[in-house]
$ cat input_8.cif   # mmCIF, C-alpha atoms
data_protein
loop_
_atom_site.group_PDB
_atom_site.id
_atom_site.type_symbol
_atom_site.label_atom_id
_atom_site.label_comp_id
_atom_site.auth_asym_id
_atom_site.auth_seq_id
_atom_site.Cartn_x
_atom_site.Cartn_y
_atom_site.Cartn_z
ATOM 1 C CA MET A 4 -3.766 -34.293 23.358
ATOM 2 C CA ALA A 5 -4.742 -32.076 26.294
ATOM 3 C CA THR A 6 -8.395 -31.304 27.019
ATOM 4 C CA ILE A 7 -10.107 -28.405 28.742
ATOM 5 C CA ARG A 8 -10.501 -30.647 31.803
ATOM 6 C CA ASP A 9 -6.715 -31.158 31.899
ATOM 7 C CA VAL A 10 -6.213 -27.387 31.832
ATOM 8 C CA ALA A 11 -8.714 -26.921 34.675
ATOM 9 C CA LYS A 12 -6.983 -29.589 36.762
ATOM 10 C CA VAL A 13 -3.493 -28.110 36.339
ATOM 11 C CA ALA A 14 -4.731 -24.574 37.011
ATOM 12 C CA GLY A 15 -6.797 -25.704 40.002
ATOM 13 C CA VAL A 16 -10.009 -24.159 38.700
ATOM 14 C CA SER A 17 -13.319 -25.338 37.268
ATOM 15 C CA VAL A 18 -13.909 -26.103 33.587
ATOM 16 C CA ALA A 19 -16.342 -23.170 33.539
ATOM 17 C CA THR A 20 -13.557 -20.812 34.625
ATOM 18 C CA VAL A 21 -11.260 -22.052 31.838
ATOM 19 C CA SER A 22 -14.110 -21.552 29.384
ATOM 20 C CA ARG A 23 -14.607 -17.960 30.569
ATOM 21 C CA VAL A 24 -10.905 -17.255 30.040
ATOM 22 C CA LEU A 25 -10.880 -18.811 26.563
ATOM 23 C CA ASN A 26 -14.035 -17.073 25.384
ATOM 24 C CA GLU A 27 -13.406 -13.802 27.242
ATOM 25 C CA THR A 28 -16.827 -13.911 28.897
ATOM 26 C CA GLY A 29 -17.634 -13.114 32.520
ATOM 27 C CA TYR A 30 -15.331 -11.961 35.309
ATOM 28 C CA VAL A 31 -12.172 -13.919 36.154
ATOM 29 C CA HIS A 32 -9.684 -12.664 38.786
ATOM 30 C CA GLU A 33 -6.369 -11.665 37.197
ATOM 31 C CA ASN A 34 -4.349 -14.177 39.253
ATOM 32 C CA THR A 35 -6.750 -16.959 38.235
ATOM 33 C CA ARG A 36 -6.578 -15.903 34.593
ATOM 34 C CA LYS A 37 -2.783 -16.034 34.784
ATOM 35 C CA ARG A 38 -2.832 -19.595 36.186
ATOM 36 C CA VAL A 39 -5.183 -20.723 33.427
ATOM 37 C CA LEU A 40 -3.011 -19.194 30.693
ATOM 38 C CA GLU A 41 0.109 -20.781 32.193
ATOM 39 C CA ALA A 42 -1.635 -24.168 32.254
ATOM 40 C CA ILE A 43 -2.689 -23.738 28.615
ATOM 41 C CA GLU A 44 0.913 -22.986 27.638
ATOM 42 C CA GLN A 45 2.297 -25.841 29.742
ATOM 43 C CA LEU A 46 -0.082 -28.392 28.196
ATOM 44 C CA ASP A 47 0.105 -26.875 24.712
ATOM 45 C CA TYR A 48 -3.694 -26.872 24.711
ATOM 46 C CA SER A 49 -5.531 -25.867 21.522
ATOM 47 C CA PRO A 50 -9.236 -25.128 21.986
ATOM 48 C CA ASN A 51 -11.711 -26.541 19.481
ATOM 49 C CA GLU A 52 -12.321 -23.633 17.115
ATOM 50 C CA VAL A 53 -15.652 -24.992 15.893
ATOM 51 C CA ALA A 54 -16.922 -25.362 19.457
ATOM 52 C CA ARG A 55 -15.793 -21.833 20.275
ATOM 53 C CA SER A 56 -17.495 -20.477 17.179
ATOM 54 C CA LEU A 57 -20.771 -22.129 18.200
ATOM 55 C CA PHE A 58 -20.472 -20.643 21.685
ATOM 56 C CA LYS A 59 -19.586 -17.118 20.522
ATOM 57 C CA GLY A 60 -21.901 -17.082 17.506
ATOM 58 C CA GLU A 61 -19.023 -16.471 15.084
ATOM 59 C CA SER A 62 -15.936 -18.210 13.741
ATOM 60 C CA ARG A 63 -12.573 -17.341 12.261
ATOM 61 C CA TRP A 64 -12.936 -19.797 9.388
ATOM 62 C CA ILE A 65 -13.281 -19.089 5.669
ATOM 63 C CA GLY A 66 -14.152 -21.711 3.033
ATOM 64 C CA LEU A 67 -12.006 -21.784 -0.134
ATOM 65 C CA LEU A 68 -13.252 -23.896 -3.035
ATOM 66 C CA LEU A 69 -10.992 -24.547 -6.043
ATOM 67 C CA PRO A 70 -11.792 -26.573 -9.177
ATOM 68 C CA ASP A 71 -8.514 -28.467 -9.679
ATOM 69 C CA ILE A 72 -5.637 -28.388 -7.210
ATOM 70 C CA THR A 73 -3.394 -30.255 -9.683
ATOM 71 C CA ASN A 74 -3.360 -27.158 -11.920
ATOM 72 C CA PRO A 75 -0.440 -25.034 -10.600
ATOM 73 C CA PHE A 76 -2.404 -21.823 -11.212
ATOM 74 C CA PHE A 77 -4.828 -22.491 -8.356
ATOM 75 C CA PRO A 78 -2.306 -22.968 -5.515
ATOM 76 C CA GLN A 79 -1.035 -19.485 -6.408
ATOM 77 C CA LEU A 80 -4.555 -18.119 -5.905
ATOM 78 C CA ALA A 81 -4.878 -20.056 -2.642
ATOM 79 C CA ARG A 82 -1.576 -18.724 -1.291
ATOM 80 C CA GLY A 83 -2.690 -15.146 -1.897
ATOM 81 C CA VAL A 84 -5.999 -15.819 -0.110
ATOM 82 C CA GLU A 85 -4.304 -17.529 2.841
ATOM 83 C CA ASP A 86 -1.604 -14.890 3.339
ATOM 84 C CA GLU A 87 -4.154 -12.070 3.429
ATOM 85 C CA LEU A 88 -6.598 -13.878 5.726
ATOM 86 C CA GLN A 89 -3.891 -14.876 8.194
ATOM 87 C CA LYS A 90 -2.948 -11.219 8.626
ATOM 88 C CA HIS A 91 -6.478 -10.714 9.984
ATOM 89 C CA GLY A 92 -6.584 -13.840 12.174
ATOM 90 C CA PHE A 93 -8.687 -16.036 9.872
ATOM 91 C CA HIS A 94 -8.108 -19.657 8.850
ATOM 92 C CA LEU A 95 -9.017 -21.636 5.719
ATOM 93 C CA ILE A 96 -11.114 -24.739 5.192
ATOM 94 C CA PHE A 97 -10.190 -25.980 1.747
ATOM 95 C CA GLY A 98 -12.169 -27.929 -0.870
ATOM 96 C CA ASN A 99 -11.248 -29.305 -4.307
ATOM 97 C CA SER A 100 -14.288 -29.816 -6.542
ATOM 98 C CA ASP A 101 -12.583 -31.634 -9.468
ATOM 99 C CA GLU A 102 -14.812 -29.554 -11.794
ATOM 100 C CA ASN A 103 -17.775 -31.596 -10.560
ATOM 101 C CA ALA A 104 -21.057 -29.776 -9.830
ATOM 102 C CA GLU A 105 -22.236 -32.328 -7.237
ATOM 103 C CA LYS A 106 -18.923 -32.200 -5.382
ATOM 104 C CA GLU A 107 -19.035 -28.406 -5.523
ATOM 105 C CA LEU A 108 -22.397 -28.265 -3.763
ATOM 106 C CA HIS A 109 -21.233 -30.863 -1.239
ATOM 107 C CA TYR A 110 -18.302 -28.663 -0.238
ATOM 108 C CA ILE A 111 -20.471 -25.568 0.026
ATOM 109 C CA ASN A 112 -22.793 -27.432 2.415
ATOM 110 C CA THR A 113 -19.766 -28.685 4.373
ATOM 111 C CA PHE A 114 -18.478 -25.128 4.735
ATOM 112 C CA ILE A 115 -21.852 -23.956 6.048
ATOM 113 C CA GLN A 116 -22.080 -26.886 8.498
ATOM 114 C CA ASN A 117 -18.671 -25.865 9.852
ATOM 115 C CA HIS A 118 -19.926 -22.316 10.445
ATOM 116 C CA VAL A 119 -17.556 -20.498 8.103
ATOM 117 C CA MET A 120 -17.985 -16.724 8.030
ATOM 118 C CA GLY A 121 -17.643 -16.541 4.262
ATOM 119 C CA ILE A 122 -16.680 -18.449 1.120
ATOM 120 C CA ILE A 123 -14.201 -17.704 -1.668
ATOM 121 C CA MET A 124 -15.094 -19.741 -4.700
ATOM 122 C CA ALA A 125 -13.076 -20.403 -7.855
ATOM 123 C CA ALA A 126 -15.222 -23.308 -8.995
ATOM 124 C CA ASN A 127 -16.376 -23.958 -12.528
ATOM 125 C CA GLN A 128 -20.085 -24.707 -12.076
ATOM 126 C CA SER A 129 -20.814 -21.344 -10.438
ATOM 127 C CA GLY A 130 -22.479 -19.917 -13.541
ATOM 128 C CA LYS A 131 -25.226 -22.561 -13.308
ATOM 129 C CA THR A 132 -26.415 -21.558 -9.836
ATOM 130 C CA ASP A 133 -27.801 -18.255 -8.586
ATOM 131 C CA TYR A 134 -25.943 -17.434 -5.365
ATOM 132 C CA ARG A 135 -27.543 -14.039 -4.809
ATOM 133 C CA GLY A 136 -29.219 -13.918 -1.402
ATOM 134 C CA PHE A 137 -26.832 -16.578 -0.053
ATOM 135 C CA PRO A 138 -26.904 -16.680 3.792
ATOM 136 C CA ILE A 139 -23.175 -15.869 4.177
ATOM 137 C CA PRO A 140 -20.850 -13.587 2.172
ATOM 138 C CA MET A 141 -19.343 -15.121 -0.954
ATOM 139 C CA VAL A 142 -16.690 -13.844 -3.365
ATOM 140 C CA PHE A 143 -15.928 -15.458 -6.714
ATOM 141 C CA LEU A 144 -12.260 -15.708 -7.646
ATOM 142 C CA ASP A 145 -11.184 -16.049 -11.287
ATOM 143 C CA ARG A 146 -14.897 -16.382 -12.069
ATOM 144 C CA THR A 147 -17.508 -13.733 -12.920
ATOM 145 C CA PRO A 148 -21.075 -14.909 -12.200
ATOM 146 C CA ASP A 149 -23.485 -12.060 -12.905
ATOM 147 C CA GLY A 150 -24.501 -10.039 -9.856
ATOM 148 C CA ASN A 151 -21.971 -11.539 -7.419
ATOM 149 C CA PRO A 152 -18.851 -9.974 -5.879
ATOM 150 C CA SER A 153 -15.822 -11.197 -7.830
ATOM 151 C CA VAL A 154 -12.112 -10.796 -8.579
ATOM 152 C CA TYR A 155 -10.887 -11.835 -12.005
ATOM 153 C CA ALA A 156 -8.294 -11.082 -14.673
ATOM 154 C CA ASP A 157 -9.076 -9.371 -17.975
ATOM 155 C CA GLY A 158 -9.316 -12.511 -20.087
ATOM 156 C CA VAL A 159 -10.690 -10.787 -23.180
ATOM 157 C CA GLU A 160 -7.731 -8.412 -23.307
ATOM 158 C CA GLY A 161 -5.409 -11.337 -22.566
ATOM 159 C CA GLY A 162 -6.718 -13.144 -25.639
ATOM 160 C CA ARG A 163 -6.263 -10.022 -27.752
ATOM 161 C CA ILE A 164 -2.676 -9.588 -26.540
ATOM 162 C CA ALA A 165 -1.824 -13.231 -27.305
ATOM 163 C CA ALA A 166 -3.174 -12.912 -30.853
ATOM 164 C CA ARG A 167 -1.432 -9.579 -31.468
ATOM 165 C CA GLU A 168 1.898 -10.895 -30.214
ATOM 166 C CA ILE A 169 1.862 -14.076 -32.285
ATOM 167 C CA ILE A 170 0.872 -12.110 -35.419
ATOM 168 C CA ARG A 171 3.528 -9.417 -34.990
ATOM 169 C CA ARG A 172 6.135 -12.148 -34.611
ATOM 170 C CA GLY A 173 5.303 -13.503 -38.044
ATOM 171 C CA SER A 174 2.918 -16.479 -37.659
ATOM 172 C CA LYS A 175 0.686 -16.842 -40.730
ATOM 173 C CA ARG A 176 -1.342 -19.996 -39.926
ATOM 174 C CA VAL A 177 -2.464 -19.824 -36.308
ATOM 175 C CA THR A 178 -4.330 -22.508 -34.343
ATOM 176 C CA LEU A 179 -6.502 -21.137 -31.522
ATOM 177 C CA LEU A 180 -7.594 -23.552 -28.781
ATOM 178 C CA LYS A 181 -11.032 -22.635 -27.502
ATOM 179 C CA GLY A 182 -10.932 -24.075 -23.980
ATOM 180 C CA PRO A 183 -13.817 -25.574 -21.968
ATOM 181 C CA GLU A 184 -17.176 -23.973 -22.766
ATOM 182 C CA HIS A 185 -18.390 -24.111 -19.138
ATOM 183 C CA ILE A 186 -15.446 -22.025 -17.892
ATOM 184 C CA ARG A 187 -16.109 -18.355 -18.531
ATOM 185 C CA PRO A 188 -12.468 -17.151 -18.231
ATOM 186 C CA ALA A 189 -11.507 -19.643 -20.957
ATOM 187 C CA GLN A 190 -14.254 -18.283 -23.199
ATOM 188 C CA ASP A 191 -13.258 -14.682 -22.468
ATOM 189 C CA ARG A 192 -9.672 -15.257 -23.589
ATOM 190 C CA PHE A 193 -10.910 -17.210 -26.628
ATOM 191 C CA ARG A 194 -13.274 -14.388 -27.557
ATOM 192 C CA GLY A 195 -10.508 -11.802 -27.329
ATOM 193 C CA ALA A 196 -8.092 -13.837 -29.465
ATOM 194 C CA LEU A 197 -10.803 -14.668 -31.998
ATOM 195 C CA GLU A 198 -11.708 -10.990 -32.355
ATOM 196 C CA GLU A 199 -8.086 -10.024 -33.025
ATOM 197 C CA LEU A 200 -7.445 -12.898 -35.443
ATOM 198 C CA SER A 201 -10.670 -12.182 -37.353
ATOM 199 C CA ASN A 202 -9.533 -8.605 -37.951
ATOM 200 C CA SER A 203 -6.095 -9.673 -39.194
ATOM 201 C CA HIS A 204 -4.814 -11.027 -42.490
ATOM 202 C CA VAL A 205 -3.573 -14.361 -41.129
ATOM 203 C CA ASP A 206 -5.214 -17.730 -41.673
ATOM 204 C CA PHE A 207 -6.354 -19.416 -38.486
ATOM 205 C CA TYR A 208 -8.012 -22.572 -37.227
ATOM 206 C CA VAL A 209 -10.136 -23.102 -34.114
ATOM 207 C CA MET A 210 -9.825 -26.309 -32.093
ATOM 208 C CA ASN A 211 -12.385 -27.161 -29.401
ATOM 209 C CA THR A 212 -11.246 -28.656 -26.089
ATOM 210 C CA HIS A 213 -13.270 -29.530 -22.980
ATOM 211 C CA SER A 214 -10.840 -29.456 -20.025
ATOM 212 C CA PHE A 215 -7.537 -28.069 -18.802
ATOM 213 C CA SER A 216 -6.035 -31.407 -17.732
ATOM 214 C CA PHE A 217 -2.584 -32.383 -18.972
ATOM 215 C CA GLN A 218 -3.756 -35.926 -19.760
ATOM 216 C CA ASP A 219 -6.442 -34.660 -22.147
ATOM 217 C CA ALA A 220 -4.101 -32.033 -23.580
ATOM 218 C CA THR A 221 -1.570 -34.663 -24.684
ATOM 219 C CA GLN A 222 -4.259 -36.225 -26.879
ATOM 220 C CA TRP A 223 -5.318 -32.855 -28.282
ATOM 221 C CA ALA A 224 -1.712 -31.991 -29.082
ATOM 222 C CA ALA A 225 -1.339 -35.132 -31.202
ATOM 223 C CA GLU A 226 -4.695 -34.392 -32.858
ATOM 224 C CA LEU A 227 -3.742 -30.763 -33.504
ATOM 225 C CA PHE A 228 -0.573 -31.605 -35.425
ATOM 226 C CA ALA A 229 -2.348 -34.374 -37.348
ATOM 227 C CA LYS A 230 -5.171 -32.011 -38.398
ATOM 228 C CA TYR A 231 -3.237 -28.781 -38.849
ATOM 229 C CA ALA A 232 0.232 -29.918 -39.875
ATOM 230 C CA ASP A 233 0.998 -26.554 -41.479
ATOM 231 C CA THR A 234 0.240 -24.463 -38.378
ATOM 232 C CA ASP A 235 3.090 -22.141 -37.438
ATOM 233 C CA GLY A 236 1.547 -20.495 -34.370
ATOM 234 C CA ILE A 237 -0.530 -21.819 -31.466
ATOM 235 C CA ILE A 238 -2.497 -19.864 -28.854
ATOM 236 C CA ALA A 239 -3.211 -22.351 -26.062
ATOM 237 C CA SER A 240 -6.116 -22.093 -23.620
ATOM 238 C CA ASN A 241 -3.725 -22.212 -20.644
ATOM 239 C CA ASP A 242 -0.131 -23.069 -19.723
ATOM 240 C CA VAL A 243 -0.907 -26.713 -18.925
ATOM 241 C CA VAL A 244 -2.289 -27.235 -22.431
ATOM 242 C CA ALA A 245 0.604 -25.231 -23.913
ATOM 243 C CA THR A 246 3.074 -27.509 -22.094
ATOM 244 C CA ALA A 247 1.538 -30.621 -23.664
ATOM 245 C CA ILE A 248 1.641 -28.985 -27.109
ATOM 246 C CA LEU A 249 5.281 -27.969 -26.662
ATOM 247 C CA HIS A 250 6.164 -31.521 -25.617
ATOM 248 C CA GLU A 251 4.481 -32.985 -28.700
ATOM 249 C CA ALA A 252 6.019 -30.391 -31.035
ATOM 250 C CA LEU A 253 9.513 -31.211 -29.811
ATOM 251 C CA ARG A 254 8.793 -34.934 -30.149
ATOM 252 C CA LEU A 255 7.873 -34.310 -33.790
ATOM 253 C CA GLY A 256 11.141 -32.470 -34.319
ATOM 254 C CA LYS A 257 9.646 -28.996 -34.832
ATOM 255 C CA ARG A 258 12.023 -26.094 -34.325
ATOM 256 C CA ILE A 259 10.739 -23.731 -31.615
ATOM 257 C CA PRO A 260 10.239 -20.806 -32.221
ATOM 258 C CA ASP A 261 11.614 -20.635 -35.801
ATOM 259 C CA GLU A 262 9.144 -23.136 -37.244
ATOM 260 C CA LEU A 263 6.397 -22.961 -34.615
ATOM 261 C CA GLN A 264 5.488 -20.351 -32.003
ATOM 262 C CA ILE A 265 3.439 -21.121 -28.870
ATOM 263 C CA ILE A 266 1.775 -18.769 -26.391
ATOM 264 C CA GLY A 267 0.142 -20.022 -23.193
ATOM 265 C CA PHE A 268 -2.061 -18.360 -20.597
ATOM 266 C CA ASP A 269 -1.654 -17.974 -16.767
ATOM 267 C CA ASP A 270 2.145 -17.868 -16.277
ATOM 268 C CA ILE A 271 2.284 -20.726 -13.793
ATOM 269 C CA PRO A 272 5.713 -21.068 -12.074
ATOM 270 C CA GLN A 273 6.633 -24.111 -14.186
ATOM 271 C CA SER A 274 6.306 -22.155 -17.456
ATOM 272 C CA GLY A 275 9.662 -20.472 -16.984
ATOM 273 C CA LEU A 276 11.328 -23.832 -16.242
ATOM 274 C CA LEU A 277 10.328 -25.565 -19.488
ATOM 275 C CA PHE A 278 12.822 -25.983 -22.326
ATOM 276 C CA PRO A 279 12.413 -23.775 -24.151
ATOM 277 C CA PRO A 280 10.703 -21.529 -21.559
ATOM 278 C CA LEU A 281 7.101 -20.730 -22.457
ATOM 279 C CA SER A 282 5.915 -17.320 -23.627
ATOM 280 C CA THR A 283 2.548 -16.674 -22.014
ATOM 281 C CA ILE A 284 -0.089 -14.223 -20.809
ATOM 282 C CA ARG A 285 0.406 -13.565 -17.112
ATOM 283 C CA GLN A 286 -2.536 -13.451 -14.720
ATOM 284 C CA PRO A 287 -1.537 -11.953 -11.322
ATOM 285 C CA ALA A 288 -2.778 -15.045 -9.466
ATOM 286 C CA TYR A 289 -1.273 -14.308 -6.036
ATOM 287 C CA ASP A 290 -2.533 -10.706 -6.065
ATOM 288 C CA MET A 291 -5.962 -11.895 -7.228
ATOM 289 C CA GLY A 292 -6.140 -14.184 -4.190
ATOM 290 C CA LYS A 293 -5.194 -11.370 -1.820
ATOM 291 C CA GLU A 294 -7.760 -9.032 -3.396
ATOM 292 C CA ALA A 295 -10.522 -11.659 -3.088
ATOM 293 C CA ALA A 296 -9.701 -12.090 0.610
ATOM 294 C CA ARG A 297 -9.818 -8.313 1.171
ATOM 295 C CA LEU A 298 -13.181 -8.072 -0.584
ATOM 296 C CA LEU A 299 -14.642 -10.940 1.461
ATOM 297 C CA LEU A 300 -13.457 -9.409 4.747
ATOM 298 C CA LYS A 301 -15.177 -6.134 3.843
ATOM 299 C CA LEU A 302 -18.404 -8.042 3.157
ATOM 300 C CA ILE A 303 -18.113 -9.896 6.485
ATOM 301 C CA LYS A 304 -17.545 -6.642 8.376
ATOM 302 C CA LYS A 305 -20.330 -4.922 6.405
ATOM 303 C CA GLU A 306 -17.960 -2.172 5.341
ATOM 304 C CA LYS A 307 -18.626 0.126 2.404
ATOM 305 C CA ILE A 308 -17.515 -1.461 -0.879
ATOM 306 C CA ASP A 309 -16.740 0.860 -3.781
ATOM 307 C CA GLN A 310 -16.025 -1.933 -6.267
ATOM 308 C CA ARG A 311 -17.823 -5.303 -6.050
ATOM 309 C CA ASN A 312 -16.271 -6.643 -9.267
ATOM 310 C CA VAL A 313 -12.503 -6.214 -9.434
ATOM 311 C CA GLN A 314 -10.874 -6.743 -12.834
ATOM 312 C CA MET A 315 -7.078 -7.121 -12.757
ATOM 313 C CA PRO A 316 -4.724 -6.507 -15.691
ATOM 314 C CA VAL A 317 -2.834 -9.138 -17.679
ATOM 315 C CA THR A 318 0.544 -8.836 -19.379
ATOM 316 C CA PHE A 319 2.570 -10.653 -22.037
ATOM 317 C CA VAL A 320 5.608 -12.540 -20.732
ATOM 318 C CA GLU A 321 8.104 -13.011 -23.535
ATOM 319 C CA ARG A 322 10.234 -16.146 -23.311
ATOM 320 C CA LEU A 323 11.663 -18.501 -25.934
ATOM 321 C CA THR A 324 8.613 -20.097 -27.591
ATOM 322 C CA THR A 325 8.056 -16.870 -29.550
ATOM 323 C CA ARG A 326 10.425 -15.036 -31.882
ATOM 324 C CA LYS A 327 12.060 -11.742 -31.018
ATOM 325 C CA VAL A 328 10.925 -8.527 -32.689
ATOM 326 C CA ASP A 329 12.661 -5.186 -32.719
ATOM 327 C CA ALA A 330 11.071 -1.953 -31.533
ATOM 328 C CA ARG A 331 9.553 -1.423 -34.989
ATOM 329 C CA GLY A 332 7.880 -4.886 -34.920
#
$ encode --input "input_8.cif" --output "structure tokens"
Amino acid sequence: MATIRDVAKVAGVSVATVSRVLNETGYVHENTRKRVLEAIEQLDYSPNEVARSLFKGESRWIGLLLPDITNPFFPQLARGVEDELQKHGFHLIFGNSDENAEKELHYINTFIQNHVMGIIMAANQSGKTDYRGFPIPMVFLDRTPDGNPSVYADGVEGGRIAAREIIRRGSKRVTLLKGPEHIRPAQDRFRGALEELSNSHVDFYVMNTHSFSFQDATQWAAELFAKYADTDGIIASNDVVATAILHEALRLGKRIPDELQIIGFDDIPQSGLLFPPLSTIRQPAYDMGKEAARLLLKLIKKEKIDQRNVQMPVTFVERLTTRKVDARG
């Protein structure tokens, strides 16, 4: 790998001259600048971005912290963030917290030590820490800590839609999965579904769960059908959990959707590839990521911000784990 000294040697100039060209500081004769740039191209030299950021007092790095990269929802968020930041010449430093508060704080400190200009955070412990007055701009993605800039989907309305759709398609004994208590979006969608179910004439059960992992969900699915064998409609806390429930239901020989209807939440790419494909509530994950990046860039540039908390709409995606209804319901 070429160094700045190699560039200086090929160009026939001092290291200080190469540094002035790279950092656009001080006067360099045009012919000299051209030789340096040709040497950089010839050697395929990549300057150390961290070193440059220390020298110039700024960087082009943004920290992105996600809670669980194995959940297909979060790479969609990350792609939206990355695509928007790259358009403006910024790069990502990525962290995966595994829903662990200690690991979360470790990554935040790592981001700061690497002189990031801002942080986008979709981590689950954020509600336990007050980040107001933080030394660098921070935007929360898919999370809504009070008083902090954030981009999130309308989980309460998503829960209401899921409950309305499963009721209008004829389910009479619905099981509602609550989702992890420490994750506010999960509680928002639970609250919306609970509100709608409570105002209906259907019987329903509530089942507590404490994570979104597929491994845990397979156990809950077996427990659900053992406890609530007569359930004919399930509102899952997310698509990963819904996938495990669908798998168990098919193993038990249940006819989907005639005997049992299932609605997930998120609309991860895999949901449409299941058999039968999963009906779900769609969060616009990619667009949420792009919007979070835009908001963070405005904070970094100290531009006027009309909306610090951006709520994005959700929609019902009808596939084959719910029954069809005609226009009259």
$ resolve_selection --input "input_8.cif" --expression "the PyMOL selection byres ((chain A and resi 166) around 9)" --output "list in words"
Gly161, Gly162, Arg163, Ile164, Ala165, Arg167, Glu168, Ile169, Ile170, Arg171, Val177, Leu179, Gly195, Ala196, Leu197, Glu198, Glu199, Leu200, Ile238 and Ile266 of chain A
$ axis_aligned_box --input "input_8.cif" --around "range 18-34 of chain A" --padding-each-side "4 Å" --output "AutoDock Vina command-line options"
--center_x -11.0 --center_y -18.9 --center_z 32.3 --size_x 21.3 --size_y 22.4 --size_z 21.9
$ resolve_selection --input "input_8.cif" --expression "the PyMOL selection byres ((chain A and resi 189) around 10)" --output "list in words"
Gly158, Val159, Gly162, Leu180, Lys181, Gly182, Pro183, Glu184, His185, Ile186, Arg187, Pro188, Gln190, Asp191, Arg192, Phe193, Arg194, Ser214, Phe215, Ser240, Asn241 and Phe268 of chain A
$ closest_residue --input "input_8.cif" --among "A:Thr234, A:Thr283, A:Gln314, A:Asn34" --to "Pro152 in chain A" --atoms "only C-alpha atoms"
A:Gln314
$ closest_residue --input "input_8.cif" --among "A:Ser49, A:Glu160, A:His213, A:Leu263" --to "Arg285 in chain A" --atoms "all atoms listed in the file"
A:Glu160
$ residues_around --input "input_8.cif" --residues "Arg63 in chain A" --least-positions-apart "3" --cutoff "7 Å" --atoms "all atoms listed in the file" --output "VMD selection string"
chain A and resid 92 to 94 120
$ atom_distance --input "input_8.cif" --atom1 "CA of Arg172 in chain A" --atom2 "CA of Leu277 in chain A"
20.6 Å
$ closest_residue --input "input_8.cif" --among "A:Ala296, A:Val317, A:Ile284, A:Leu323" --to "Arg82 in chain A" --atoms "only C-alpha atoms"
A:Ala296
$ residues_around --input "input_8.cif" --residues "Leu40 in chain A" --least-positions-apart "4" --cutoff "9 Å" --atoms "all atoms listed in the file" --output "MDAnalysis selection string"
chainID A and resid 10 14 21 24:25 35:36 44:45
$ residues_around --input "input_8.cif" --residues "Ala220 in chain A" --least-positions-apart "3" --cutoff "9 Å" --atoms "all atoms listed in the file" --output "PyMOL selection string"
chain A and resi 212+214-217+223-225+243-248
$ resolve_selection --input "input_8.cif" --expression "the PyMOL selection byres ((chain A and resi 311) around 8)" --output "list in words"
Asn151, Pro152, Ser153, Leu298, Ile308, Asp309, Gln310, Asn312 and Val313 of chain A
$ residues_around --input "input_8.cif" --residues "Ile115 in chain A" --least-positions-apart "6" --cutoff "12 Å" --atoms "all atoms listed in the file" --output "MDAnalysis selection string"
chainID A and resid 53 62 64:67 96 108:109 121:122 137:141
$ atom_distance --input "input_8.cif" --atom1 "CA of Val84 in chain A" --atom2 "CA of Asp71 in chain A"
16.1 Å
$ atom_distance --input "input_8.cif" --atom1 "CA of Arg258 in chain A" --atom2 "CA of Asp219 in chain A"
23.7 Å
$ closest_residue --input "input_8.cif" --among "A:Gly83, A:Gly15, A:Gly292, A:Pro280" --to "Leu144 in chain A" --atoms "all atoms listed in the file"
A:Gly292
$ closest_residue --input "input_8.cif" --among "A:Leu299, A:Lys305, A:Ala11, A:Val209" --to "Met124 in chain A" --atoms "only C-alpha atoms"
A:Leu299
$ closest_residue --input "input_8.cif" --among "A:Arg146, A:His204, A:Arg176, A:Lys106" --to "Ile123 in chain A" --atoms "only C-alpha atoms"
A:Arg146
$ residues_around --input "input_8.cif" --residues "Glu107 in chain A" --least-positions-apart "5" --cutoff "10 Å" --atoms "all atoms listed in the file" --output "list in words"
Leu68, Leu69, Pro70, Gly98, Asn99, Ser100, Asp101, Glu102, Asn112, Thr113, Met124, Ala126, Asn127, Gln128 and Ser129 of chain A
